[in-house]
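Visitor: Coordinates in final35.pdb, PDB, C-alpha atoms and all ligand atoms, are listed below.
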```pdb
ATOM      1  CA  MET A 506     147.498  87.164 212.261
ATOM      2  CA  ALA A 507     149.072  90.361 210.999
ATOM      3  CA  PRO A 508     151.222  92.325 213.430
ATOM      4  CA  ALA A 509     150.969  96.004 212.546
ATOM      5  CA  SER A 510     153.180  97.405 215.285
ATOM      6  CA  PRO A 511     155.854  95.982 217.611
ATOM      7  CA  ILE A 512     154.506  93.372 220.003
ATOM      8  CA  HIS A 513     155.928  93.376 223.476
ATOM      9  CA  PRO A 514     156.230  90.289 225.629
ATOM     10  CA  ALA A 515     153.437  90.281 228.207
ATOM     11  CA  THR A 516     155.796  91.184 231.023
ATOM     12  CA  ASP A 517     156.480  94.494 229.269
ATOM     13  CA  THR A 518     152.958  95.068 228.285
ATOM     14  CA  ALA A 519     150.926  97.761 229.956
ATOM     15  CA  ASN A 520     147.583  96.238 229.009
ATOM     16  CA  ILE A 521     145.987  93.948 226.514
ATOM     17  CA  CYS A 522     142.894  95.525 224.975
ATOM     18  CA  LEU A 523     140.454  93.277 223.160
ATOM     19  CA  ILE A 524     138.502  94.974 220.388
ATOM     20  CA  GLY A 525     136.067  93.771 217.758
ATOM     21  CA  LEU A 526     132.399  93.891 216.876
ATOM     22  CA  MET A 527     129.659  92.531 219.094
ATOM     23  CA  GLY A 528     129.904  88.743 218.954
ATOM     24  CA  SER A 529     133.611  88.685 218.210
ATOM     25  CA  GLY A 530     134.297  86.697 221.391
ATOM     26  CA  LYS A 531     135.964  89.356 223.560
ATOM     27  CA  SER A 532     134.072  88.434 226.706
ATOM     28  CA  THR A 533     134.817  84.701 226.409
ATOM     29  CA  VAL A 534     138.462  85.105 225.432
ATOM     30  CA  GLY A 535     139.154  87.882 227.989
ATOM     31  CA  PRO A 536     138.902  85.720 231.143
ATOM     32  CA  LEU A 537     141.030  82.956 229.565
ATOM     33  CA  LEU A 538     143.796  85.425 228.761
ATOM     34  CA  ALA A 539     143.640  87.226 232.090
ATOM     35  CA  ASN A 540     143.914  83.914 233.898
ATOM     36  CA  GLN A 541     146.902  82.730 231.873
ATOM     37  CA  LEU A 542     148.774  86.008 232.267
ATOM     38  CA  SER A 543     147.669  86.647 235.872
ATOM     39  CA  PHE A 544     146.380  90.005 234.664
ATOM     40  CA  THR A 545     143.318  91.756 236.085
ATOM     41  CA  LEU A 546     140.256  91.496 233.857
ATOM     42  CA  VAL A 547     138.425  94.759 233.178
ATOM     43  CA  ASP A 548     135.069  94.592 231.415
ATOM     44  CA  LEU A 549     134.623  98.159 230.202
ATOM     45  CA  ASP A 550     130.870  97.763 229.574
ATOM     46  CA  SER A 551     130.307  96.567 233.156
ATOM     47  CA  GLU A 552     132.390  99.441 234.481
ATOM     48  CA  ILE A 553     130.249 101.908 232.502
ATOM     49  CA  GLU A 554     127.070 100.283 233.863
ATOM     50  CA  THR A 555     128.350 100.549 237.436
ATOM     51  CA  ARG A 556     129.461 104.117 236.963
ATOM     52  CA  LEU A 557     126.193 105.268 235.355
ATOM     53  CA  GLY A 558     124.056 103.099 237.644
ATOM     54  CA  ARG A 559     122.055 101.326 234.932
ATOM     55  CA  ALA A 560     122.228  98.632 232.309
ATOM     56  CA  ILE A 561     123.487  99.440 228.796
ATOM     57  CA  PRO A 562     120.032  99.439 227.125
ATOM     58  CA  GLU A 563     118.800 101.947 229.739
ATOM     59  CA  ILE A 564     121.917 104.093 229.319
ATOM     60  CA  PHE A 565     121.259 104.346 225.567
ATOM     61  CA  GLU A 566     117.528 104.913 226.092
ATOM     62  CA  GLN A 567     117.633 107.368 228.988
ATOM     63  CA  LEU A 568     120.969 109.162 228.610
ATOM     64  CA  GLY A 569     121.713 108.642 224.925
ATOM     65  CA  GLU A 570     124.606 107.071 223.055
ATOM     66  CA  SER A 571     126.799 110.156 223.460
ATOM     67  CA  ALA A 572     126.692 109.840 227.276
ATOM     68  CA  PHE A 573     127.694 106.196 226.878
ATOM     69  CA  ARG A 574     130.590 107.077 224.527
ATOM     70  CA  HIS A 575     131.750 109.844 226.850
ATOM     71  CA  GLU A 576     131.927 107.469 229.812
ATOM     72  CA  GLU A 577     133.527 104.756 227.670
ATOM     73  CA  ALA A 578     136.322 107.146 226.605
ATOM     74  CA  ARG A 579     136.825 108.383 230.149
ATOM     75  CA  LEU A 580     137.109 104.858 231.559
ATOM     76  CA  LEU A 581     139.357 103.600 228.750
ATOM     77  CA  LYS A 582     141.775 106.417 229.506
ATOM     78  CA  HIS A 583     141.514 105.734 233.219
ATOM     79  CA  TYR A 584     142.249 102.003 232.959
ATOM     80  CA  CYS A 585     144.968 102.422 230.357
ATOM     81  CA  ALA A 586     146.886 104.487 232.890
ATOM     82  CA  GLU A 587     147.198 101.270 234.948
ATOM     83  CA  LYS A 588     149.142  98.132 234.018
ATOM     84  CA  HIS A 589     148.750  94.400 233.578
ATOM     85  CA  GLN A 590     145.096  94.236 232.722
ATOM     86  CA  VAL A 591     143.104  92.522 230.034
ATOM     87  CA  ILE A 592     140.583  95.166 228.989
ATOM     88  CA  ASP A 593     137.487  93.856 227.240
ATOM     89  CA  CYS A 594     136.338  96.909 225.255
ATOM     90  CA  GLY A 595     132.834  97.344 223.897
ATOM     91  CA  GLY A 596     132.528  96.934 220.136
ATOM     92  CA  GLY A 597     132.155 100.657 219.520
ATOM     93  CA  VAL A 598     135.247 101.809 221.397
ATOM     94  CA  VAL A 599     137.023 102.604 218.114
ATOM     95  CA  VAL A 600     134.365 105.035 216.874
ATOM     96  CA  THR A 601     135.548 107.718 219.297
ATOM     97  CA  PRO A 602     138.627 109.187 217.591
ATOM     98  CA  GLU A 603     140.484 109.975 220.833
ATOM     99  CA  ASN A 604     140.348 106.289 221.842
ATOM    100  CA  ARG A 605     142.308 105.027 218.852
ATOM    101  CA  PRO A 606     145.743 106.468 219.756
ATOM    102  CA  ILE A 607     145.229 105.165 223.314
ATOM    103  CA  LEU A 608     144.526 101.681 221.962
ATOM    104  CA  ARG A 609     147.591 101.871 219.729
ATOM    105  CA  GLN A 610     149.743 102.485 222.797
ATOM    106  CA  GLN A 611     148.513  99.233 224.387
ATOM    107  CA  THR A 612     148.829  95.707 223.093
ATOM    108  CA  THR A 613     145.532  95.735 221.280
ATOM    109  CA  VAL A 614     144.077  92.611 219.740
ATOM    110  CA  TYR A 615     141.359  92.786 217.094
ATOM    111  CA  LEU A 616     139.150  89.711 217.063
ATOM    112  CA  ALA A 617     137.920  89.685 213.472
ATOM    113  CA  ALA A 618     134.900  87.695 212.320
ATOM    114  CA  SER A 619     132.547  87.589 209.374
ATOM    115  CA  PRO A 620     129.017  89.034 209.705
ATOM    116  CA  GLU A 621     127.664  85.468 209.522
ATOM    117  CA  THR A 622     129.775  84.350 212.490
ATOM    118  CA  LEU A 623     128.955  87.510 214.452
ATOM    119  CA  ALA A 624     125.224  87.084 213.803
ATOM    120  CA  ARG A 625     125.352  83.476 215.003
ATOM    121  CA  ARG A 626     127.163  84.484 218.183
ATOM    122  CA  VAL A 627     124.927  87.457 219.110
ATOM    123  CA  GLY A 628     121.697  85.489 218.597
ATOM    124  CA  SER A 629     118.711  87.781 219.092
ATOM    125  CA  GLY A 630     120.971  90.709 220.039
ATOM    126  CA  LYS A 631     119.288  91.065 223.443
ATOM    127  CA  GLY A 632     120.950  93.657 225.704
ATOM    128  CA  ARG A 633     122.675  95.323 222.739
ATOM    129  CA  PRO A 634     120.854  98.538 221.814
ATOM    130  CA  LEU A 635     122.605  98.914 218.468
ATOM    131  CA  LEU A 636     121.149  95.596 217.328
ATOM    132  CA  LYS A 637     117.593  96.450 218.363
ATOM    133  CA  ASN A 638     115.213  96.630 215.396
ATOM    134  CA  ALA A 639     117.706  94.993 213.028
ATOM    135  CA  HIS A 640     115.685  93.390 210.228
ATOM    136  CA  SER A 641     118.493  91.149 209.115
ATOM    137  CA  MET A 642     121.136  90.653 211.783
ATOM    138  CA  ILE A 643     123.746  89.657 209.195
ATOM    139  CA  ASP A 644     123.147  92.772 207.054
ATOM    140  CA  HIS A 645     123.097  95.023 210.083
ATOM    141  CA  LEU A 646     126.379  93.632 211.409
ATOM    142  CA  ALA A 647     127.891  93.799 207.922
ATOM    143  CA  GLY A 648     127.037  97.532 207.856
ATOM    144  CA  LEU A 649     128.656  98.144 211.244
ATOM    145  CA  LEU A 650     131.695  96.182 210.114
ATOM    146  CA  ARG A 651     132.014  98.329 206.966
ATOM    147  CA  GLU A 652     131.924 101.469 209.133
ATOM    148  CA  ARG A 653     134.405 100.233 211.711
ATOM    149  CA  GLU A 654     136.737  97.666 210.158
ATOM    150  CA  LEU A 655     139.420 100.176 209.232
ATOM    151  CA  PHE A 656     139.377 101.616 212.744
ATOM    152  CA  TYR A 657     139.733  98.156 214.290
ATOM    153  CA  ARG A 658     142.642  97.308 212.025
ATOM    154  CA  GLU A 659     144.474 100.580 212.570
ATOM    155  CA  SER A 660     144.008 100.401 216.362
ATOM    156  CA  ALA A 661     145.333  96.847 216.773
ATOM    157  CA  GLY A 662     148.838  95.416 216.818
ATOM    158  CA  ILE A 663     147.544  91.847 216.631
ATOM    159  CA  ILE A 664     144.713  90.685 214.414
ATOM    160  CA  ILE A 665     143.164  87.265 214.883
ATOM    161  CA  GLU A 666     140.678  85.819 212.419
ATOM    162  CA  THR A 667     138.196  84.043 214.680
ATOM    163  CA  ASP A 668     135.793  82.395 212.217
ATOM    164  CA  HIS A 669     135.429  78.676 212.993
ATOM    165  CA  LYS A 670     137.749  78.971 216.000
ATOM    166  CA  LYS A 671     136.930  78.126 219.609
ATOM    167  CA  PRO A 672     137.699  80.623 222.410
ATOM    168  CA  LEU A 673     140.564  78.425 223.676
ATOM    169  CA  THR A 674     142.180  78.345 220.240
ATOM    170  CA  ILE A 675     141.831  82.116 219.937
ATOM    171  CA  ALA A 676     143.362  82.673 223.390
ATOM    172  CA  ARG A 677     146.273  80.364 222.500
ATOM    173  CA  LYS A 678     146.861  82.292 219.277
ATOM    174  CA  ILE A 679     146.966  85.571 221.173
ATOM    175  CA  LEU A 680     149.449  84.148 223.681
ATOM    176  CA  THR A 681     151.590  82.934 220.800
ATOM    177  CA  GLY A 682     151.390  86.419 219.264
ATOM    178  CA  LEU A 683     152.539  87.850 222.575
ATOM    179  CA  ASN A 684     155.375  85.345 222.764
ATOM    180  CA  VAL A 685     154.239  84.254 226.177
ATOM    181  CA  GLU A 686     155.115  80.938 227.735
ATOM    182  CA  GLN A 687     151.979  79.369 229.087
ATOM    183  CA  LYS A 688     151.488  78.451 232.724
ATOM    184  CA  ALA A 689     152.062  74.954 234.106
ATOM    185  CA  HIS A 690     148.497  74.105 233.097
ATOM    186  CA  PRO A 691     148.463  75.241 229.498
ATOM    187  CA  LEU A 692     145.280  76.344 227.830
TER     188      LEU A 692
HETATM  189  C1  LIG A 701     128.525  98.415 221.342
HETATM  190  C2  LIG A 701     128.947  97.200 221.784
HETATM  191  C3  LIG A 701     128.608  96.667 223.117
HETATM  192  C4  LIG A 701     128.315  97.820 224.078
HETATM  193  C5  LIG A 701     127.290  98.744 223.511
HETATM  194  C6  LIG A 701     127.736  99.368 222.182
HETATM  195  C7  LIG A 701     128.894  98.858 219.954
HETATM  196  O1  LIG A 701     129.668  95.881 223.633
HETATM  197  O2  LIG A 701     129.491  98.520 224.387
HETATM  198  O3  LIG A 701     126.084  98.032 223.343
HETATM  199  O4  LIG A 701     128.810 100.063 219.666
HETATM  200  O5  LIG A 701     129.332  97.995 219.158
HETATM  201  P1  LIG A 701     130.013  94.369 223.129
HETATM  202  O6  LIG A 701     130.826  94.504 221.894
HETATM  203  O7  LIG A 701     130.797  93.797 224.261
HETATM  204  O8  LIG A 701     128.709  93.688 222.911
END
```
If you took the structure in this file and wrote it as structure tokens, what would it be?
Guide:
Amino acid sequence: MAPASPIHPATDTANICLIGLMGSGKSTVGPLLANQLSFTLVDLDSEIETRLGRAIPEIFEQLGESAFRHEEARLLKHYCAEKHQVIDCGGGVVVTPENRPILRQQTTVYLAASPETLARRVGSGKGRPLLKNAHSMIDHLAGLLRERELFYRESAGIIIETDHKKPLTIARKILTGLNVEQKAHPL
């Protein structure tokens, strides 16, 4: 774990944003964190689907990736104006330049993982348009990681290496990074 900017105790914290490539564990760790902190959980991908009235593969197919990115940026800004939420961001949130300063203003956690781990976790890649037609899932994810890794690292105040770690362990590490006392029923 490498803190890159000051970490505020959760009580101070506007929002916790989870970032990382597809398969990094954001959607399993998010609910655990939200529950422990009594924060609202926001799944940005689901919000985009609701807003655009279709599933992510259809959004990419019918409206194009730029429409998806536009809505993603709009909703990130919208939710970051609120407080006390765990925001599970889609893996590509950092590719839109205007999103990165917004993420830096939150308590943003990068869930880092190797391409091998990511490939194991995403399986066939179903429901993820950017993994469609990947010949080798590991190589494809390694390419995306090369493009995005710097953006993840510069957007996050907390970095957790998640290889070989279970979601509960990852959530505990984040809470430790936040300096948060756990509830009566610890994770
Ligand atoms: C994307 C990741 C997906 C989703 C969309 C694009 C990406 O979210 O937002 O398919 O660009 O990496 P998850 O990281 O939650 O799978």
Visitor: Kindly provide, as a list in words, all nucleotide and amino acid residues lying within 8 Å of ligand LIG 701 (chain A), counting all atoms listed in the file.
Guide: Ile524, Gly525, Leu526, Met527, Gly528, Ser529, Lys531, Ser532, Leu549, Asp550, Ile561, Pro562, Asp593, Cys594, Gly595, Gly596, Gly597, Val598, Val600, Gly632, Arg633, Pro634, Leu635 and Leu649 of chain A
Visitor: CA of Arg609 in chain A to CA of Arg658 in chain A: how many Å, to one decimal?
Guide: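 Value for the CA of Arg609 in chain A-CA of Arg658 in chain A distance: 10.2 Å.
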Visitor: For CA of Lys588 in chain A and CA of Asn520 in chain A, quote the distance in Å rounded to one decimal.
Guide: 5.6 Å
Visitor: Given the PyMOL selection byres (((chain A and resi 601) around 12) and not hetatm) and the file above, list the residues it selects as an MDAnalysis selection string.
Guide: chainID A and resid 570:571 573:579 581 595:600 602:608 653 656:657 660
Visitor: Go through the shown structure with the PyMOL selection byres (((chain A and resi 663) around 6) and not hetatm) and write out the matching residues as a list in words.
Guide: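 What the PyMOL selection byres (((chain A and resi 663) around 6) and not hetatm) grabs from the file is Pro508, Val614, Ala661, Gly662 and Ile664 of chain A.
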Visitor: Would you mind telling me which residue in A:Ala624, A:Leu683, A:Ala676, A:Val547 lies nearest to Cys522 in chain A when using all atoms listed in the file?
Guide: A:Val547
Visitor: Quote the spacing between CA of Thr545 in chain A and CA of Val685 in chain A in Å to one decimal place.
Guide: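 Atom-to-atom, CA of Thr545 in chain A to CA of Val685 in chain A, that is 16.5 Å.
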Visitor: List, as a list in words, every residue that the PyMOL selection byres (((chain A and resi 639-643) around 9) and not hetatm) selects in the file provided.
Guide: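 Matching residues under the PyMOL selection byres (((chain A and resi 639-643) around 9) and not hetatm) are Pro620, Glu621, Thr622, Leu623, Ala624, Arg625, Val627, Gly628, Ser629, Gly630, Leu635, Leu636, Lys637, Asn638, Asp644, His645, Leu646, Ala647 and Gly648 of chain A.
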Visitor: Name the residues in contact with Phe544 in chain A at a cut-off of 8 Å, using all atoms listed in the file, excluding same-chain residues fewer than 5 positions from it; report them as an NGL selection string.
Guide: :A and (538-539 or 589-591)
Visitor: Select, from A:Phe565, A:His583, A:His669, A:Thr681, the residue with the minimum atom-to-atom distance to Arg626 in chain A, counting all atoms listed in the file.
Guide: A:His669
Visitor: Find the residue from A:Ala519, A:Ile553, A:Leu650, A:Leu692 that sits nearest to Ala586 in chain A; use all atoms listed in the file when measuring.
Guide: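 Looking only at the distances to Ala586 in chain A, the closest residue turns out to be A:Ala519.
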Visitor: Any idea what's packed within 12 Å of Thr674 in chain A, counting all atoms listed in the file, ignoring anything in its chain fewer than 3 positions away? Could you give it as a list in words?
Guide: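 The residues satisfying every condition are Gly530, Thr533, Val534, Leu537, Leu538, Ile665, Glu666, Thr667, Asp668, His669, Lys670, Lys671, Arg677, Lys678, Ile679, Leu680, Thr681, Pro691 and Leu692 of chain A.
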